[in-house]
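Shown below: entry21.cif, with mmCIF, C-alpha atoms.
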```
data_work
#
loop_
_atom_site.label_atom_id
_atom_site.label_comp_id
_atom_site.auth_asym_id
_atom_site.auth_seq_id
_atom_site.Cartn_x
_atom_site.Cartn_y
_atom_site.Cartn_z
CA MET A 27 -51.14 23.73 -18.87
CA ARG A 28 -52.66 20.63 -17.36
CA GLY A 29 -49.38 18.69 -17.76
CA SER A 30 -47.43 21.54 -16.21
CA ALA A 31 -49.74 21.75 -13.26
CA ALA A 32 -49.61 18.02 -12.70
CA SER A 33 -45.87 17.86 -12.96
CA ASP A 34 -45.29 20.45 -10.26
CA GLY A 35 -47.73 18.82 -7.84
CA SER A 36 -50.33 21.63 -7.94
CA VAL A 37 -53.12 19.21 -8.95
CA TRP A 38 -52.90 17.65 -5.49
CA SER A 39 -52.99 21.07 -3.84
CA ARG A 40 -56.37 21.81 -5.51
CA LEU A 41 -58.02 18.64 -4.19
CA PRO A 42 -60.20 18.91 -1.06
CA HIS A 43 -58.79 18.09 2.37
CA GLU A 44 -61.58 15.54 2.78
CA LEU A 45 -59.79 13.19 0.37
CA GLY A 46 -56.60 13.21 2.42
CA ASP A 47 -58.58 12.81 5.65
CA ALA A 48 -60.38 9.76 4.26
CA VAL A 49 -57.26 8.08 2.86
CA ARG A 50 -54.86 8.72 5.72
CA PRO A 51 -56.19 6.07 8.19
CA ARG A 52 -55.92 3.42 5.46
CA ILE A 53 -52.33 4.13 4.50
CA PRO A 54 -50.81 1.12 6.37
CA GLU A 55 -53.22 -1.20 4.50
CA ILE A 56 -52.38 0.43 1.18
CA ALA A 57 -48.65 0.08 1.83
CA ARG A 58 -48.99 -3.63 2.57
CA ALA A 59 -51.08 -4.15 -0.54
CA CYS A 60 -48.49 -2.34 -2.69
CA ILE A 61 -45.60 -4.46 -1.39
CA ASP A 62 -47.61 -7.67 -1.79
CA ALA A 63 -48.36 -6.79 -5.40
CA ILE A 64 -44.75 -5.86 -6.17
CA ALA A 65 -43.50 -9.13 -4.67
CA ALA A 66 -46.07 -11.11 -6.65
CA GLU A 67 -45.59 -9.39 -10.01
CA ILE A 68 -41.87 -8.52 -10.18
CA PRO A 69 -39.50 -11.49 -9.77
CA GLU A 70 -36.52 -9.33 -8.73
CA TYR A 71 -38.45 -8.24 -5.66
CA SER A 72 -40.13 -11.54 -4.76
CA GLY A 73 -37.43 -12.72 -2.37
CA THR A 74 -36.83 -9.44 -0.56
CA PHE A 75 -40.40 -8.20 -0.36
CA GLY A 76 -42.07 -11.57 0.05
CA HIS A 77 -40.97 -12.28 3.62
CA GLY A 78 -38.49 -11.52 6.37
CA PRO A 79 -37.08 -8.17 7.53
CA GLY A 80 -36.83 -6.87 3.95
CA ARG A 81 -40.61 -6.98 3.68
CA ALA A 82 -41.09 -5.01 6.89
CA VAL A 83 -38.61 -2.35 5.74
CA ALA A 84 -40.28 -2.10 2.33
CA ILE A 85 -43.75 -1.69 3.88
CA GLU A 86 -42.49 1.07 6.15
CA GLN A 87 -40.84 2.87 3.22
CA ALA A 88 -44.04 2.55 1.19
CA ARG A 89 -46.09 3.84 4.10
CA ARG A 90 -43.91 6.92 4.43
CA GLY A 91 -44.02 7.56 0.69
CA ILE A 92 -47.81 7.30 0.48
CA GLU A 93 -48.18 9.45 3.57
CA ARG A 94 -45.93 12.10 2.04
CA ASP A 95 -47.99 12.10 -1.15
CA VAL A 96 -51.30 12.25 0.71
CA ASP A 97 -50.00 15.19 2.73
CA ARG A 98 -49.92 17.15 -0.54
CA VAL A 99 -53.71 17.01 -0.83
CA GLY A 100 -55.17 20.47 -0.28
CA THR A 101 -51.80 22.07 0.54
CA PRO A 102 -49.62 24.41 -1.53
CA ALA A 103 -47.24 22.67 -3.93
CA MET A 104 -44.01 23.49 -2.17
CA TRP A 105 -41.83 20.37 -2.12
CA GLN A 106 -42.12 18.52 -5.43
CA ALA A 107 -38.33 18.93 -5.80
CA ASP A 108 -37.78 16.98 -2.56
CA ARG A 109 -40.07 14.24 -3.78
CA LEU A 110 -38.19 13.83 -7.06
CA ALA A 111 -34.87 13.87 -5.21
CA GLY A 112 -36.16 10.93 -3.23
CA PHE A 113 -36.97 8.99 -6.39
CA ARG A 114 -33.53 9.77 -7.80
CA GLY A 115 -32.22 8.23 -4.58
CA HIS A 116 -34.38 5.15 -5.21
CA GLY A 117 -32.78 4.83 -8.63
CA ARG A 118 -29.26 5.02 -7.19
CA GLU A 119 -30.15 2.58 -4.42
CA ALA A 120 -31.64 0.12 -6.92
CA PHE A 121 -28.44 0.16 -8.97
CA HIS A 122 -26.24 -0.47 -5.95
CA ASN A 123 -28.53 -3.28 -4.77
CA GLY A 124 -28.16 -5.03 -8.12
CA LEU A 125 -31.71 -4.38 -9.32
CA SER A 126 -32.45 -3.54 -12.93
CA ARG A 127 -33.80 -0.10 -13.81
CA GLU A 128 -36.79 -1.79 -15.43
CA ALA A 129 -37.61 -3.59 -12.19
CA VAL A 130 -37.66 -0.49 -10.02
CA GLN A 131 -39.69 1.43 -12.60
CA ALA A 132 -42.12 -1.48 -12.78
CA ALA A 133 -42.42 -1.33 -9.00
CA VAL A 134 -43.49 2.32 -9.26
CA ARG A 135 -46.16 1.43 -11.83
CA VAL A 136 -47.49 -1.45 -9.73
CA SER A 137 -47.51 0.62 -6.55
CA SER A 138 -49.28 3.50 -8.29
CA ARG A 139 -51.93 1.19 -9.74
CA ILE A 140 -52.67 -0.39 -6.36
CA THR A 141 -52.70 2.98 -4.59
CA TRP A 142 -55.07 4.45 -7.17
CA ARG A 143 -57.52 1.58 -6.73
CA TRP A 144 -57.58 2.12 -2.97
CA ILE A 145 -57.93 5.89 -3.28
CA ALA A 146 -60.77 5.54 -5.79
CA ASP A 147 -62.65 3.12 -3.52
CA ILE A 148 -62.10 5.28 -0.46
CA ALA A 149 -63.22 8.42 -2.30
CA ARG A 150 -66.45 6.74 -3.43
CA GLU A 151 -67.10 5.48 0.12
CA ALA A 152 -66.62 9.05 1.35
CA GLY A 153 -69.11 10.33 -1.23
CA LEU A 154 -66.57 12.54 -3.01
CA SER A 155 -67.42 13.78 -6.48
CA GLY A 156 -66.23 12.51 -9.83
CA ASP A 157 -64.19 15.70 -10.25
CA VAL A 158 -62.17 14.75 -7.18
CA LEU A 159 -61.55 11.29 -8.61
CA TYR A 160 -60.54 12.80 -11.93
CA GLY A 161 -58.13 15.20 -10.22
CA ALA A 162 -56.59 12.40 -8.14
CA ALA A 163 -56.13 10.28 -11.27
CA GLU A 164 -54.50 13.18 -13.11
CA GLY A 165 -52.12 13.80 -10.23
CA MET A 166 -51.19 10.13 -9.90
CA PHE A 167 -50.54 9.62 -13.61
CA ALA A 168 -48.33 12.70 -13.67
CA ASP A 169 -46.52 11.44 -10.58
CA VAL A 170 -45.79 8.14 -12.32
CA GLU A 171 -44.18 9.96 -15.22
CA THR A 172 -42.04 12.25 -13.08
CA SER A 173 -41.14 9.44 -10.67
CA MET A 174 -40.02 7.12 -13.47
CA ALA A 175 -37.92 9.88 -15.03
CA ALA A 176 -36.29 10.66 -11.66
CA ILE A 177 -35.55 6.98 -11.05
CA ALA A 178 -33.95 6.66 -14.47
CA GLU A 179 -31.88 9.77 -13.82
CA GLY A 180 -30.64 8.45 -10.46
CA TYR A 181 -29.93 5.00 -11.89
CA ARG A 182 -27.91 6.42 -14.81
CA ALA A 183 -25.98 8.70 -12.47
CA ALA A 184 -25.05 5.74 -10.26
CA GLU A 185 -23.95 3.71 -13.29
CA ALA A 186 -21.77 6.53 -14.55
CA ALA A 187 -20.30 7.25 -11.12
CA VAL A 188 -19.37 3.63 -10.50
CA ALA A 189 -17.92 3.17 -13.97
CA GLY A 190 -15.75 6.26 -13.70
CA THR A 191 -14.92 5.99 -10.02
CA GLY A 192 -14.21 2.28 -10.30
CA GLU A 193 -11.53 2.80 -12.93
CA ARG A 194 -9.98 5.72 -11.05
CA HIS A 195 -9.95 3.66 -7.86
CA ARG A 196 -8.34 0.72 -9.64
CA ARG A 197 -5.60 2.99 -10.99
CA LEU A 198 -4.94 4.33 -7.50
CA LEU A 199 -5.00 0.79 -6.09
CA ARG A 200 -2.48 -0.47 -8.65
CA ALA A 201 -0.27 2.56 -8.01
CA LEU A 202 -0.23 2.09 -4.24
CA LEU A 203 0.17 -1.68 -4.14
CA GLY A 204 2.72 -1.60 -6.91
CA GLY A 205 4.91 0.75 -4.88
CA ARG A 206 4.28 3.73 -7.15
CA THR A 207 3.97 6.20 -4.29
CA PRO A 208 5.69 9.57 -3.78
CA ALA A 209 8.86 7.73 -2.78
CA ALA A 210 9.05 6.17 -6.23
CA GLU A 211 7.52 8.73 -8.57
CA THR A 212 6.85 12.43 -8.80
CA PHE A 213 4.55 14.01 -6.29
CA GLN A 214 2.63 15.57 -9.18
CA GLU A 215 1.60 12.21 -10.61
CA TRP A 216 0.70 10.87 -7.18
CA ASP A 217 -1.39 13.93 -6.37
CA SER A 218 -3.21 13.65 -9.70
CA LEU A 219 -4.07 10.02 -9.02
CA VAL A 220 -5.43 10.81 -5.56
CA ALA A 221 -7.36 13.82 -6.87
CA ALA A 222 -8.84 11.77 -9.71
CA SER A 223 -9.89 9.03 -7.30
CA GLY A 224 -12.06 11.51 -5.40
CA LEU A 225 -10.55 10.36 -2.09
CA PRO A 226 -8.82 12.42 0.60
CA VAL A 227 -5.17 11.57 1.18
CA PRO A 228 -5.20 9.23 4.21
CA GLU A 229 -2.51 9.16 6.88
CA ARG A 230 -2.58 5.37 7.01
CA VAL A 231 -4.07 2.62 4.87
CA ALA A 232 -4.60 -1.12 5.18
CA ALA A 233 -4.35 -3.39 2.17
CA VAL A 234 -6.71 -6.33 1.68
CA ALA A 235 -5.82 -9.51 -0.19
CA PHE A 236 -8.51 -11.85 -1.53
CA ARG A 237 -8.48 -15.50 -2.49
CA ALA A 238 -11.31 -17.40 -4.19
CA LEU A 239 -11.25 -21.17 -4.51
CA PRO A 240 -11.96 -22.67 -7.93
CA GLY A 241 -15.71 -22.76 -8.46
CA ALA A 242 -16.43 -20.10 -5.85
CA PRO A 243 -19.23 -17.64 -6.76
CA GLU A 244 -18.38 -14.17 -8.00
CA PHE A 245 -17.59 -11.46 -5.47
CA PRO A 246 -21.01 -10.15 -4.38
CA PRO A 247 -21.80 -6.48 -5.08
CA GLY A 248 -22.34 -4.22 -2.13
CA LEU A 249 -19.93 -5.87 0.34
CA LEU A 250 -17.55 -2.92 0.13
CA PRO A 251 -18.49 0.79 0.23
CA GLU A 252 -18.23 2.68 -3.05
CA HIS A 253 -15.39 4.89 -1.80
CA VAL A 254 -13.08 1.92 -1.15
CA PRO A 255 -10.63 1.30 -4.02
CA ALA A 256 -11.12 -2.39 -4.68
CA ASP A 257 -10.65 -4.97 -7.41
CA PRO A 258 -11.51 -8.39 -5.93
CA ALA A 259 -11.43 -9.94 -9.40
CA GLY A 260 -8.16 -8.29 -10.41
CA ASP A 261 -4.64 -9.63 -10.69
CA PRO A 262 -3.84 -9.51 -7.87
CA PRO A 263 -7.26 -9.26 -6.19
CA ALA A 264 -7.03 -6.45 -3.66
CA ALA A 265 -8.60 -3.51 -1.86
CA LEU A 266 -7.31 -0.57 0.14
CA THR A 267 -8.92 1.37 2.98
CA PRO A 268 -7.96 3.93 5.63
CA ALA A 269 -10.72 2.66 7.97
CA PRO A 270 -10.72 -1.15 7.85
CA ASP A 271 -12.94 -1.73 10.89
CA VAL A 272 -15.71 0.35 9.32
CA ASP A 273 -15.23 -0.19 5.60
CA LEU A 274 -14.66 -3.94 5.73
CA ALA A 275 -17.55 -4.95 8.00
CA GLY A 276 -19.46 -6.23 4.96
CA LEU A 277 -16.75 -8.82 4.22
CA ALA A 278 -18.25 -10.97 6.96
CA GLY A 279 -20.81 -11.82 4.26
CA LEU A 280 -18.25 -13.29 1.85
CA PRO A 281 -19.70 -16.40 0.18
CA PRO A 282 -18.20 -19.88 0.67
CA GLY A 283 -14.86 -20.30 -1.06
CA TRP A 284 -13.72 -16.72 -0.45
CA THR A 285 -11.09 -15.55 2.03
CA ALA A 286 -9.90 -12.01 2.73
CA ALA A 287 -6.88 -10.94 4.77
CA VAL A 288 -6.51 -7.41 6.12
CA GLY A 289 -2.93 -6.17 6.36
CA PRO A 290 -1.65 -3.74 8.99
CA LEU A 291 -2.39 -0.02 8.89
CA VAL A 292 0.66 1.74 7.42
CA PRO A 293 1.57 5.06 5.76
CA PRO A 294 0.53 5.05 2.07
CA ALA A 295 4.16 4.68 0.97
CA GLU A 296 4.24 1.31 2.79
CA ALA A 297 1.01 -0.02 1.28
CA PRO A 298 2.93 -2.68 -0.71
CA GLU A 299 4.23 -4.10 2.58
CA SER A 300 0.73 -4.20 4.06
CA PHE A 301 -0.43 -6.03 0.95
CA ARG A 302 2.52 -8.46 1.07
CA ILE A 303 1.63 -9.40 4.65
CA ALA A 304 -2.06 -9.76 3.77
CA ARG A 305 -1.21 -12.07 0.85
CA ARG A 306 1.05 -14.10 3.13
CA ALA A 307 -1.80 -14.49 5.61
CA VAL A 308 -4.13 -15.70 2.85
CA ASP A 309 -1.53 -18.25 1.73
CA LEU A 310 -0.93 -19.53 5.26
CA ALA A 311 -4.67 -19.84 5.88
CA ALA A 312 -5.04 -21.86 2.68
CA ARG A 313 -2.42 -24.29 4.04
CA GLY A 314 -4.16 -24.56 7.40
CA LEU A 315 -1.34 -22.76 9.25
CA LEU A 316 -3.38 -19.74 10.30
CA ASP A 317 -6.82 -19.96 11.87
CA ALA A 318 -9.57 -17.35 11.70
CA PRO A 319 -13.15 -17.57 13.01
CA GLY A 320 -14.64 -16.48 9.68
CA PRO A 321 -13.77 -15.59 6.10
CA VAL A 322 -11.80 -12.48 7.14
CA ILE A 323 -8.27 -12.75 8.58
CA TRP A 324 -7.08 -9.71 10.52
CA CYS A 325 -3.29 -9.76 10.40
CA ARG A 326 -3.12 -7.69 13.59
CA ASP A 327 -4.47 -10.75 15.43
CA HIS A 328 -1.78 -13.05 14.03
CA VAL A 329 1.40 -10.98 14.26
CA THR A 330 3.35 -13.68 16.15
CA THR A 331 2.47 -16.41 13.66
CA LEU A 332 3.16 -14.16 10.67
CA LEU A 333 6.52 -13.18 12.14
CA LEU A 334 7.45 -16.77 12.93
CA LEU A 335 6.50 -17.96 9.45
CA ALA A 336 8.06 -15.05 7.58
CA ASP A 337 10.92 -17.37 6.51
CA GLU A 338 9.89 -20.99 6.81
CA PHE A 339 13.25 -22.37 5.71
CA LEU A 340 15.16 -20.54 8.45
CA LEU A 341 12.47 -21.39 10.95
CA THR A 342 12.73 -25.07 10.10
CA GLN A 343 16.52 -24.91 10.44
CA LEU A 344 16.17 -23.21 13.82
CA ALA A 345 13.75 -25.84 15.09
CA SER A 346 15.75 -28.83 13.86
CA THR A 347 19.10 -27.63 15.22
CA THR A 348 17.91 -26.08 18.48
CA LEU A 349 15.68 -29.01 19.44
CA GLU A 350 18.06 -31.72 18.26
CA PRO A 351 18.38 -33.15 21.82
CA LEU A 352 14.68 -34.18 21.61
CA SER A 353 15.10 -35.99 18.30
CA GLY A 354 15.82 -39.41 19.80
CA LEU A 355 12.65 -39.54 21.89
CA SER A 356 9.39 -41.27 20.99
CA GLY A 357 6.49 -39.16 19.74
CA ARG A 358 4.48 -38.99 22.96
CA ARG A 359 7.51 -38.58 25.22
CA ARG A 360 8.91 -35.87 22.95
CA GLU A 361 5.58 -34.03 22.99
CA GLN A 362 5.46 -34.10 26.81
CA LEU A 363 8.99 -32.77 27.22
CA ALA A 364 8.48 -30.09 24.54
CA GLU A 365 5.37 -28.89 26.36
CA THR A 366 7.24 -28.70 29.67
CA LEU A 367 10.26 -27.06 28.03
CA LEU A 368 8.14 -24.30 26.52
CA ALA A 369 6.50 -23.58 29.88
CA LEU A 370 9.93 -23.54 31.54
CA VAL A 371 11.63 -21.11 29.15
CA ARG A 372 8.60 -18.84 29.25
CA THR A 373 8.14 -18.70 33.02
CA ARG A 374 11.37 -19.93 34.65
CA GLY A 375 8.99 -21.29 37.27
CA SER A 376 9.47 -23.95 39.93
CA ALA A 377 8.01 -27.43 39.67
CA PRO A 378 4.86 -26.46 41.63
CA GLU A 379 4.41 -23.34 39.46
CA LEU A 380 4.85 -25.30 36.23
CA GLY A 381 2.49 -27.93 37.57
CA ARG A 382 -0.21 -25.30 37.94
CA VAL A 383 0.45 -24.00 34.42
CA LEU A 384 0.31 -27.46 32.86
CA ASP A 385 -2.24 -28.93 35.28
CA LEU A 386 0.17 -31.70 36.31
CA HIS A 387 1.46 -33.03 39.65
CA PRO A 388 4.72 -31.34 40.74
CA GLN A 389 6.40 -34.74 40.97
CA THR A 390 5.67 -35.34 37.29
CA ILE A 391 7.12 -31.93 36.48
CA ARG A 392 10.27 -32.67 38.51
CA ALA A 393 10.84 -35.87 36.55
CA ARG A 394 10.49 -33.99 33.28
CA LEU A 395 12.77 -31.15 34.44
CA LYS A 396 15.43 -33.69 35.37
CA LYS A 397 15.28 -35.21 31.90
CA LEU A 398 15.39 -31.77 30.25
CA ALA A 399 18.46 -30.86 32.32
CA GLU A 400 20.15 -34.02 31.06
CA LEU A 401 19.32 -33.19 27.45
CA PHE A 402 19.97 -29.42 27.36
CA GLY A 403 22.33 -28.83 30.28
CA ASP A 404 23.50 -25.24 30.84
CA ARG A 405 21.52 -23.98 27.84
CA LEU A 406 18.49 -23.79 30.10
CA ASP A 407 20.21 -21.08 32.17
CA ASP A 408 21.34 -18.94 29.22
CA PRO A 409 18.83 -16.16 28.30
CA GLY A 410 19.83 -16.21 24.63
CA GLU A 411 19.44 -19.98 24.44
CA ARG A 412 16.09 -19.83 26.20
CA LEU A 413 14.86 -17.38 23.53
CA ARG A 414 16.10 -19.72 20.78
CA LEU A 415 14.37 -22.64 22.46
CA GLU A 416 11.08 -20.72 22.76
CA LEU A 417 11.20 -19.68 19.11
CA ALA A 418 12.03 -23.23 18.04
CA LEU A 419 9.17 -24.69 20.07
CA LEU A 420 6.74 -22.10 18.70
CA ALA A 421 8.03 -22.94 15.21
CA GLU A 422 7.14 -26.57 15.76
CA ARG A 423 3.62 -25.60 16.69
CA ALA A 424 3.28 -23.30 13.72
CA LEU A 425 4.77 -25.85 11.30
CA PRO A 426 3.63 -29.20 12.64
CA ASP A 427 4.86 -31.08 9.56
CA HIS A 428 8.41 -30.13 10.41
CA GLY A 429 8.24 -31.29 14.01
#
```
Using the file provided, produce a representation of the structure as structure tokens.
Amino acid sequence: MRGSAASDGSVWSRLPHELGDAVRPRIPEIARACIDAIAAEIPEYSGTFGHGPGRAVAIEQARRGIERDVDRVGTPAMWQADRLAGFRGHGREAFHNGLSREAVQAAVRVSSRITWRWIADIAREAGLSGDVLYGAAEGMFADVETSMAAIAEGYRAAEAAVAGTGERHRRLLRALLGGRTPAAETFQEWDSLVAASGLPVPERVAAVAFRALPGAPEFPPGLLPEHVPADPAGDPPAALTPAPDVDLAGLAGLPPGWTAAVGPLVPPAEAPESFRIARRAVDLAARGLLDAPGPVIWCRDHVTTLLLLADEFLLTQLASTTLEPLSGLSGRRREQLAETLLALVRTRGSAPELGRVLDLHPQTIRARLKKLAELFGDRLDDPGERLRLELALLAERALPDHG
């Protein structure tokens, strides 16, 4: 009967209110002592709990947990189920944070040991009887058992969910990016894949392509939410999401050597096209032809460049034939005239207007316009030719080696 009473929290309800009243003001000190001990004794926690914002978060969580437990003293045992649900959550969280089950269970033991020492000292200072100390010890030891079991249960559930969900998500990912959508296979098979993945059918999705340089570290766990079908280490490495701005925020933490490109949002049937564009962006970035401020390339920000470089052979032919009149000029002179020509075909402005655009004296612009008229003649007045010239000049900028 004693074990049953302890396991449902009723031992705490039989203890006098005076114990809770004495312990409660010291809870912040107890929480700090628990986190210090965990950081010192368990290597997996030393970095996170030892310093920085992780330590402050851990102390606050410990404070709330101790306060919740102390609130059980002298009150009816009504919410043991909520307490154990919380520890199951700790187990799941530990798994997703890459901690071992042994480490998080060890943290419970260390925290309970430190808390018991403080409670025992406080109870003696308050002049509480040995029976109170015995009851508190019984309740704490029972709590350790039930907490450890709940943590193990949550940890195992997270392992099983990720193992099963991960494979289902990879199957759905391969089906979508391989073009095996309702347009290419039966709706029944498609529906079964989506149902098995546990995901709602999205209206639009964006594909993500990954590239890791040789020697780059492994893809870190936790950068992508669990519900995102992803296989960064697959062949090809990819992910798929209906909400890229939300789901992919963690990719800003990609380690050195990793690049990710996010394709456009498209209907699921066009996911292979989104992935093709994302892979193209990754390839162009690797060649230095597409710039991004961080490890993530958003294709929506580079549509012009991706369109221009969709067929590099044709683009090179366009540039070489359309800009042939500039071929006989020296490097610097050619660069100056190409700059002025691009401003001209874009704006059709006068010499003073082009001077303001290029930050040059109008007389300099007039001299350049005269030379361009000699080289290109009536082509400068033809709208179709002006478009060809603009595309050719942009091609030169996008493919500098072919200039």
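Checking A:Ala265, A:Ala111, A:Val329, A:Leu352 one by one against Phe236 in chain A, counting only C-alpha atoms, you find the shortest gap at A:Ala265.
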Would you compute the distance between CA of Cys325 in chain A and CA of Leu415 in chain A? Give it in Å to one decimal.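 Straight-line distance from CA of Cys325 in chain A to CA of Leu415 in chain A works out to 25.0 Å.
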Residue among A:Asn123, A:Ala129, A:Ala232, A:Asp169 lying closest to Pro246 in chain A, counting all atoms listed in the file: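 So, comparing all the options, the nearest one is A:Asn123.
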Just checking: using all atoms listed in the file, which residue out of A:Glu171, A:Glu416, A:Glu185, A:Glu400 ends up closest to Thr373 in chain A?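 Using all atoms listed in the file, the shortest distance to Thr373 in chain A belongs to A:Glu416.
Taken over the shown file, the PyMOL selection byres ((chain A and resi 84) around 9) identifies Ala57, Arg58, Ile61, Thr74, Phe75, Pro79, Gly80, Arg81, Ala82, Val83, Ile85, Glu86, Gln87, Ala88 and Arg89 of chain A.
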When distances are computed from all atoms listed in the file, which of A:Val158, A:Leu425, A:Ala233, A:Leu386 shows the smallest separation from Phe339 in chain A?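 Selected residue with least distance to Phe339 in chain A: A:Leu425.
The nearest approach to Pro321 in chain A among the residues A:Ala168, A:Ala146, A:Val288, A:Val99, with only C-alpha atoms taken into account, belongs to A:Val288.
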Taking all atoms listed in the file into account, which of A:Ala318, A:Thr267, A:Ile323, A:Leu45 comes nearest Arg305 in chain A?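 For Arg305 in chain A, the nearest of the candidates is A:Ile323.
Residues in contact with Val383 in chain A at 12 Å, where only C-alpha atoms are counted and same-chain residues fewer than 2 positions away are skipped, are listed as Glu365, Thr366, Leu368, Ala369, Leu370, Arg372, Thr373, Arg374, Gly375, Ser376, Ala377, Pro378, Glu379, Leu380, Gly381, Asp385, Leu386, His387, Pro388 and Ile391 of chain A.
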Give as a ChimeraX atom specification the residues that the PyMOL selection byres ((chain A and resi 242) around 9) matches when applied to the coordinates above. /A:238-241,243-245,281-284
Grab the residues selected above and save them as a compact mmCIF listing (two decimals), in the coordinates of the input with C-alpha atoms.
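Writing done, so here's result_36.txt:
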```
# COMPACT_ATOMS: atom_id res chain seq x y z
CA ALA A 238 -11.31 -17.40 -4.19
CA LEU A 239 -11.25 -21.17 -4.51
CA PRO A 240 -11.96 -22.67 -7.93
CA GLY A 241 -15.71 -22.76 -8.46
CA PRO A 243 -19.23 -17.64 -6.76
CA GLU A 244 -18.38 -14.17 -8.00
CA PHE A 245 -17.59 -11.46 -5.47
CA PRO A 281 -19.70 -16.40 0.18
CA PRO A 282 -18.20 -19.88 0.67
CA GLY A 283 -14.86 -20.30 -1.06
CA TRP A 284 -13.72 -16.72 -0.45
```
Applied to the shown file, which residues does the PyMOL selection byres ((chain A and resi 56) around 10) return, written as a PDB file with C-alpha atoms, in the frame of the given file?
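Okay, selection_39.pdb is ready:
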```pdb
ATOM      1  CA  VAL A  49     -57.260   8.080   2.860  1.00  0.00           C
ATOM      2  CA  ARG A  50     -54.860   8.720   5.720  1.00  0.00           C
ATOM      3  CA  PRO A  51     -56.190   6.070   8.190  1.00  0.00           C
ATOM      4  CA  ARG A  52     -55.920   3.420   5.460  1.00  0.00           C
ATOM      5  CA  ILE A  53     -52.330   4.130   4.500  1.00  0.00           C
ATOM      6  CA  PRO A  54     -50.810   1.120   6.370  1.00  0.00           C
ATOM      7  CA  GLU A  55     -53.220  -1.200   4.500  1.00  0.00           C
ATOM      8  CA  ALA A  57     -48.650   0.080   1.830  1.00  0.00           C
ATOM      9  CA  ARG A  58     -48.990  -3.630   2.570  1.00  0.00           C
ATOM     10  CA  ALA A  59     -51.080  -4.150  -0.540  1.00  0.00           C
ATOM     11  CA  CYS A  60     -48.490  -2.340  -2.690  1.00  0.00           C
ATOM     12  CA  ILE A  61     -45.600  -4.460  -1.390  1.00  0.00           C
ATOM     13  CA  ASP A  62     -47.610  -7.670  -1.790  1.00  0.00           C
ATOM     14  CA  ILE A  85     -43.750  -1.690   3.880  1.00  0.00           C
ATOM     15  CA  ALA A  88     -44.040   2.550   1.190  1.00  0.00           C
ATOM     16  CA  ARG A  89     -46.090   3.840   4.100  1.00  0.00           C
ATOM     17  CA  ILE A  92     -47.810   7.300   0.480  1.00  0.00           C
ATOM     18  CA  SER A 137     -47.510   0.620  -6.550  1.00  0.00           C
ATOM     19  CA  ILE A 140     -52.670  -0.390  -6.360  1.00  0.00           C
ATOM     20  CA  THR A 141     -52.700   2.980  -4.590  1.00  0.00           C
ATOM     21  CA  TRP A 142     -55.070   4.450  -7.170  1.00  0.00           C
ATOM     22  CA  ARG A 143     -57.520   1.580  -6.730  1.00  0.00           C
ATOM     23  CA  TRP A 144     -57.580   2.120  -2.970  1.00  0.00           C
ATOM     24  CA  ILE A 145     -57.930   5.890  -3.280  1.00  0.00           C
TER      25      ILE A 145
END
```
As a short mmCIF file (atom, residue, chain, number, x, y, z; two decimals), in the coordinates of the input, could you write out range 148-155 of chain A once it has been completed with N, CA, C and O atoms?
```
data_model
loop_
_atom_site.label_atom_id
_atom_site.label_comp_id
_atom_site.auth_asym_id
_atom_site.auth_seq_id
_atom_site.Cartn_x
_atom_site.Cartn_y
_atom_site.Cartn_z
N ILE A 148 -61.91 4.48 -1.67
CA ILE A 148 -62.10 5.28 -0.46
C ILE A 148 -62.85 6.57 -0.78
O ILE A 148 -63.75 7.01 -0.02
N ALA A 149 -62.53 7.18 -1.92
CA ALA A 149 -63.22 8.42 -2.30
C ALA A 149 -64.69 8.17 -2.55
O ALA A 149 -65.55 8.99 -2.16
N ARG A 150 -65.02 7.06 -3.19
CA ARG A 150 -66.45 6.74 -3.43
C ARG A 150 -67.16 6.50 -2.10
O ARG A 150 -68.30 6.95 -1.89
N GLU A 151 -66.49 5.74 -1.19
CA GLU A 151 -67.10 5.48 0.12
C GLU A 151 -67.36 6.79 0.87
O GLU A 151 -68.34 6.91 1.63
N ALA A 152 -66.46 7.76 0.66
CA ALA A 152 -66.62 9.05 1.35
C ALA A 152 -67.60 9.97 0.64
O ALA A 152 -67.87 11.09 1.11
N GLY A 153 -68.13 9.53 -0.51
CA GLY A 153 -69.11 10.33 -1.23
C GLY A 153 -68.51 11.52 -1.95
O GLY A 153 -69.21 12.51 -2.21
N LEU A 154 -67.22 11.44 -2.31
CA LEU A 154 -66.57 12.54 -3.01
C LEU A 154 -66.95 12.50 -4.48
O LEU A 154 -67.27 11.46 -5.05
N SER A 155 -66.91 13.64 -5.12
CA SER A 155 -67.42 13.78 -6.48
C SER A 155 -66.49 13.16 -7.51
O SER A 155 -65.32 12.86 -7.24
#
```
